[in-house]
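Structure file input-v9.cif (mmCIF, C-alpha atoms) follows.
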```
data_my_file
#
loop_
_atom_site.label_atom_id
_atom_site.label_comp_id
_atom_site.auth_asym_id
_atom_site.auth_seq_id
_atom_site.Cartn_x
_atom_site.Cartn_y
_atom_site.Cartn_z
CA MET A 27 14.07 -19.62 32.07
CA ALA A 28 12.97 -20.40 28.52
CA GLY A 29 10.07 -17.99 28.92
CA VAL A 30 12.41 -15.16 29.90
CA LEU A 31 14.69 -15.85 26.93
CA LEU A 32 11.68 -15.95 24.62
CA ALA A 33 10.44 -12.62 26.01
CA PHE A 34 13.84 -11.03 25.41
CA TRP A 35 13.96 -12.44 21.88
CA ILE A 36 10.46 -11.14 21.10
CA GLU A 37 11.38 -7.69 22.44
CA ARG A 38 14.54 -7.63 20.33
CA VAL A 39 12.59 -8.56 17.17
CA ARG A 40 9.99 -5.89 17.95
CA ALA A 41 12.68 -3.23 18.53
CA ARG A 42 14.38 -4.15 15.24
CA ARG A 43 11.07 -3.91 13.37
CA ASP A 44 10.26 -0.55 14.96
CA SER A 45 13.72 0.73 14.08
CA ARG A 46 13.28 -0.31 10.43
CA MET A 47 9.88 1.37 10.27
CA LEU A 48 11.29 4.59 11.74
CA TYR A 49 14.15 4.44 9.23
CA GLY A 50 11.59 4.05 6.45
CA ARG A 51 9.53 7.02 7.67
CA ILE A 52 12.63 9.21 7.83
CA LEU A 53 13.56 8.16 4.28
CA ARG A 54 10.06 8.92 3.03
CA THR A 55 10.13 12.39 4.54
CA SER A 56 13.37 13.20 2.76
CA ARG A 57 12.10 11.62 -0.43
CA PHE A 58 8.99 13.80 -0.48
CA GLU A 59 11.08 16.90 0.17
CA LEU A 60 13.52 16.14 -2.64
CA ASP A 61 10.66 15.18 -4.92
CA TYR A 62 9.15 18.66 -4.65
CA LEU A 63 12.54 20.41 -4.90
CA LYS A 64 13.34 18.74 -8.22
CA PRO A 65 10.71 20.57 -10.34
CA MET A 66 11.50 23.80 -8.52
CA CYS A 67 15.13 23.50 -9.63
CA GLU A 68 14.05 22.77 -13.20
CA HIS A 69 11.72 25.76 -13.22
CA GLY A 70 14.37 28.07 -11.77
CA ARG A 71 16.97 26.86 -14.25
CA ASP A 72 14.67 27.41 -17.21
CA ALA A 73 13.59 30.85 -15.98
CA LEU A 74 17.17 32.01 -15.42
CA ARG A 75 18.30 30.78 -18.81
CA ALA A 76 15.39 32.60 -20.46
CA ASP A 77 16.19 35.74 -18.41
CA GLN A 78 12.64 35.80 -17.09
CA THR A 79 13.54 36.34 -13.45
CA ASP A 80 15.68 38.56 -11.33
CA GLY A 81 16.76 35.52 -9.32
CA ARG A 82 15.61 36.72 -5.92
CA GLY A 83 12.93 34.15 -5.24
CA TYR A 84 14.97 30.97 -5.52
CA SER A 85 16.30 29.10 -2.56
CA ILE A 86 17.29 25.48 -2.15
CA GLU A 87 16.92 24.15 1.34
CA ALA A 88 16.33 20.59 2.46
CA PRO A 89 15.77 20.50 6.24
CA ALA A 90 14.28 16.99 6.25
CA THR A 91 17.29 15.67 4.35
CA LYS A 92 19.67 17.40 6.77
CA ALA A 93 17.73 15.85 9.66
CA LEU A 94 18.00 12.46 7.98
CA LEU A 95 21.78 12.82 7.93
CA MET A 96 21.81 13.60 11.66
CA SER A 97 19.80 10.53 12.62
CA PRO A 98 21.81 7.68 14.18
CA ILE A 99 19.20 5.22 12.91
CA VAL A 100 19.99 6.20 9.34
CA HIS A 101 23.71 5.78 9.90
CA ASP A 102 23.07 2.36 11.44
CA GLN A 103 20.89 1.08 8.61
CA ALA A 104 21.69 3.01 5.43
CA PRO A 105 24.31 1.90 2.95
CA TYR A 106 27.32 4.15 2.52
CA SER A 107 26.18 5.09 -0.99
CA LEU A 108 23.02 6.71 0.39
CA ILE A 109 24.89 8.60 3.11
CA MET A 110 27.46 9.77 0.55
CA ALA A 111 24.80 10.93 -1.95
CA LEU A 112 22.84 12.86 0.69
CA THR A 113 25.94 14.39 2.27
CA ILE A 114 27.15 15.65 -1.09
CA LEU A 115 23.66 16.93 -1.93
CA CYS A 116 23.30 18.87 1.34
CA GLY A 117 26.82 20.27 1.00
CA TYR A 118 26.02 21.35 -2.54
CA PHE A 119 22.82 23.06 -1.39
CA ALA A 120 24.75 24.98 1.27
CA ALA A 121 27.43 26.06 -1.21
CA PHE A 122 24.73 27.03 -3.72
CA GLU A 123 22.97 29.19 -1.13
CA ASP A 124 26.23 31.02 -0.36
CA ALA A 125 26.96 31.60 -4.04
CA PHE A 126 23.37 32.57 -4.77
CA GLY A 127 23.49 35.18 -1.99
CA GLU A 128 26.29 36.82 -3.93
CA VAL A 129 24.22 36.61 -7.11
CA ARG A 130 21.34 38.38 -5.37
CA ARG A 131 23.64 41.23 -4.38
CA LEU A 132 25.09 41.52 -7.88
CA ARG A 133 21.66 41.51 -9.49
CA LEU A 134 20.88 44.84 -7.89
CA ARG A 135 23.25 46.42 -10.40
CA ARG A 136 21.57 45.74 -13.74
CA GLU A 137 23.78 47.95 -15.91
CA ASP A 138 26.09 45.23 -17.22
CA LEU A 139 23.92 43.08 -19.50
CA ALA A 140 26.75 40.70 -20.52
CA ALA A 141 27.65 39.99 -16.91
CA ARG A 142 24.00 39.40 -16.06
CA GLU A 143 23.62 36.92 -18.94
CA LEU A 144 26.73 35.06 -17.84
CA LEU A 145 25.44 35.00 -14.28
CA ASN A 146 22.08 33.64 -15.44
CA LYS A 147 23.80 30.88 -17.38
CA THR A 148 26.08 29.99 -14.48
CA VAL A 149 23.28 29.86 -11.91
CA GLY A 150 21.11 27.92 -14.38
CA ASP A 151 23.93 25.39 -14.80
CA GLU A 152 24.24 25.09 -11.02
CA LEU A 153 20.49 24.45 -10.71
CA ASP A 154 20.90 21.79 -13.39
CA LYS A 155 23.63 20.13 -11.31
CA ALA A 156 21.39 20.33 -8.24
CA ASN A 157 18.64 18.63 -10.24
CA LYS A 158 21.00 15.80 -11.24
CA LEU A 159 22.21 15.37 -7.65
CA ILE A 160 18.60 15.20 -6.46
CA THR A 161 17.90 12.49 -9.04
CA ILE A 162 20.83 10.41 -7.75
CA ALA A 163 19.73 10.86 -4.13
CA LEU A 164 16.14 9.90 -5.01
CA GLU A 165 17.36 6.73 -6.72
CA GLN A 166 19.29 5.77 -3.58
CA ILE A 167 16.32 6.50 -1.30
CA ASP A 168 13.95 4.59 -3.58
CA SER A 169 16.22 1.53 -3.51
CA GLN A 170 16.16 1.57 0.30
CA LEU A 171 12.38 2.03 0.45
CA LYS A 172 11.98 -0.86 -1.97
CA ARG A 173 14.26 -3.02 0.17
CA LEU A 174 12.10 -2.19 3.20
CA GLY A 175 8.92 -2.90 1.27
CA LEU A 176 7.78 0.70 1.72
CA GLU A 177 7.86 1.94 -1.84
CA LYS A 178 4.80 3.92 -2.75
CA THR A 179 3.53 4.39 -6.25
CA HIS A 180 1.79 7.61 -7.15
CA ASP A 181 -1.93 7.15 -7.57
CA ALA A 182 -3.89 8.82 -10.36
CA LEU A 183 -4.88 11.81 -8.17
CA THR A 184 -1.27 12.47 -7.17
CA GLN A 185 -0.15 12.34 -10.78
CA GLU A 186 -2.94 14.71 -11.85
CA ILE A 187 -2.13 17.22 -9.08
CA GLY A 188 1.56 17.02 -10.00
CA ARG A 189 0.77 17.68 -13.65
CA ARG A 190 -1.45 20.66 -12.79
CA LEU A 191 1.13 22.16 -10.44
CA HIS A 192 3.79 21.77 -13.13
CA GLU A 193 1.56 23.60 -15.61
CA VAL A 194 1.00 26.46 -13.17
CA LEU A 195 4.73 26.79 -12.54
CA GLN A 196 5.48 26.79 -16.26
CA SER A 197 2.85 29.43 -17.03
CA SER A 198 3.44 31.78 -14.08
CA PRO A 199 6.03 34.55 -14.23
CA PRO A 200 9.10 33.07 -12.49
CA SER A 201 10.07 36.38 -10.91
CA LEU A 202 6.95 36.21 -8.76
CA THR A 203 7.39 32.62 -7.67
CA GLY A 204 8.33 32.55 -4.01
CA GLN A 205 8.77 36.33 -3.74
CA ASN A 206 5.55 37.20 -1.99
CA SER A 207 6.69 35.73 1.29
CA GLU A 208 7.67 38.08 4.06
CA PRO A 209 11.22 36.68 4.60
CA ASN A 210 12.08 37.22 0.94
CA ARG A 211 10.78 40.78 1.02
CA GLN A 212 12.87 41.50 4.11
CA LEU A 213 15.96 39.99 2.43
CA ASN A 214 15.39 42.02 -0.69
CA ASN A 215 14.96 45.25 1.25
CA SER A 216 18.06 44.61 3.34
CA ASP A 217 20.14 44.03 0.19
CA VAL A 218 19.37 47.52 -1.13
#
```
Take the structure in the file and write it out as structure tokens.
Amino acid sequence: MAGVLLAFWIERVRARRDSRMLYGRILRTSRFELDYLKPMCEHGRDALRADQTDGRGYSIEAPATKALLMSPIVHDQAPYSLIMALTILCGYFAAFEDAFGEVRRLRLRREDLAARELLNKTVGDELDKANKLITIALEQIDSQLKRLGLEKTHDALTQEIGRRLHEVLQSSPPSLTGQNSEPNRQLNNSDV
């Protein structure tokens, strides 16, 4: 009898450990996604404010973060603050995409320079808000990864690659960033 109880206890401990590790992997996936979206938002914001883009190539989507919110494991283990931050962030991204679709349609009419400048400022401000929301979400995810003992520091190679990618983004014409993909070309042609 004691052996059976011990076997059940061991299986329960193993299942709990596996669940925590899966939770950690899901958090990491979302963290990596948000970590690469953050500089993209900064670059888009700066380009729009400098009127160096027509705004067609920017999109904010976070499928891994949406998947994280759908996972029952996350809802079982995550604190409410993390769920709240990610829910607000994903809702903001969806609202931004809707509003930005309207911006794309309005950009086709370039006659009104004052309206275009106001639009650039507004969208730039929204990208700035997105950047701040991403920072809050990353802080929440990092605290959970630290609690799980899964925090990962960037090694020297990762930091160097990040710096080089940032330089390329800053030196490339923003209007070309992300516009060479086929879906964006189809969207742009359908808007005309």
For A:Ile52: contacts at 12 Å, all atoms listed in the file, fewer than 3 positions along chain excluded, given as a ChimeraX atom specification: /A:45-49,55-59,89-101,103-104,167,170-171,176
Assuming the chain letters and numbering stay as they are in my file, what does the PyMOL selection byres ((chain A and resi 145-150) around 8) actually select? List them as a PyMOL selection string. chain A and resi 70-72+74-75+77+126+129+141-144+151-154
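For the pair atom CA of A:Glu87 and atom CA of A:Pro65, the separation is 13.7 Å.
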Rounded to one decimal, what separation in Å do you get between atom CA of A:Asp61 and atom CA of A:Glu186? 15.3 Å
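Atom pair atom CA of A:Ala120 / atom CA of A:Ile86: separated by 8.2 Å.
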Expansion of the PyMOL selection byres ((chain A and resi 109-113) around 8) into residues, as a ChimeraX atom specification: /A:91,95,101,104-108,114-117,159,162-163,166
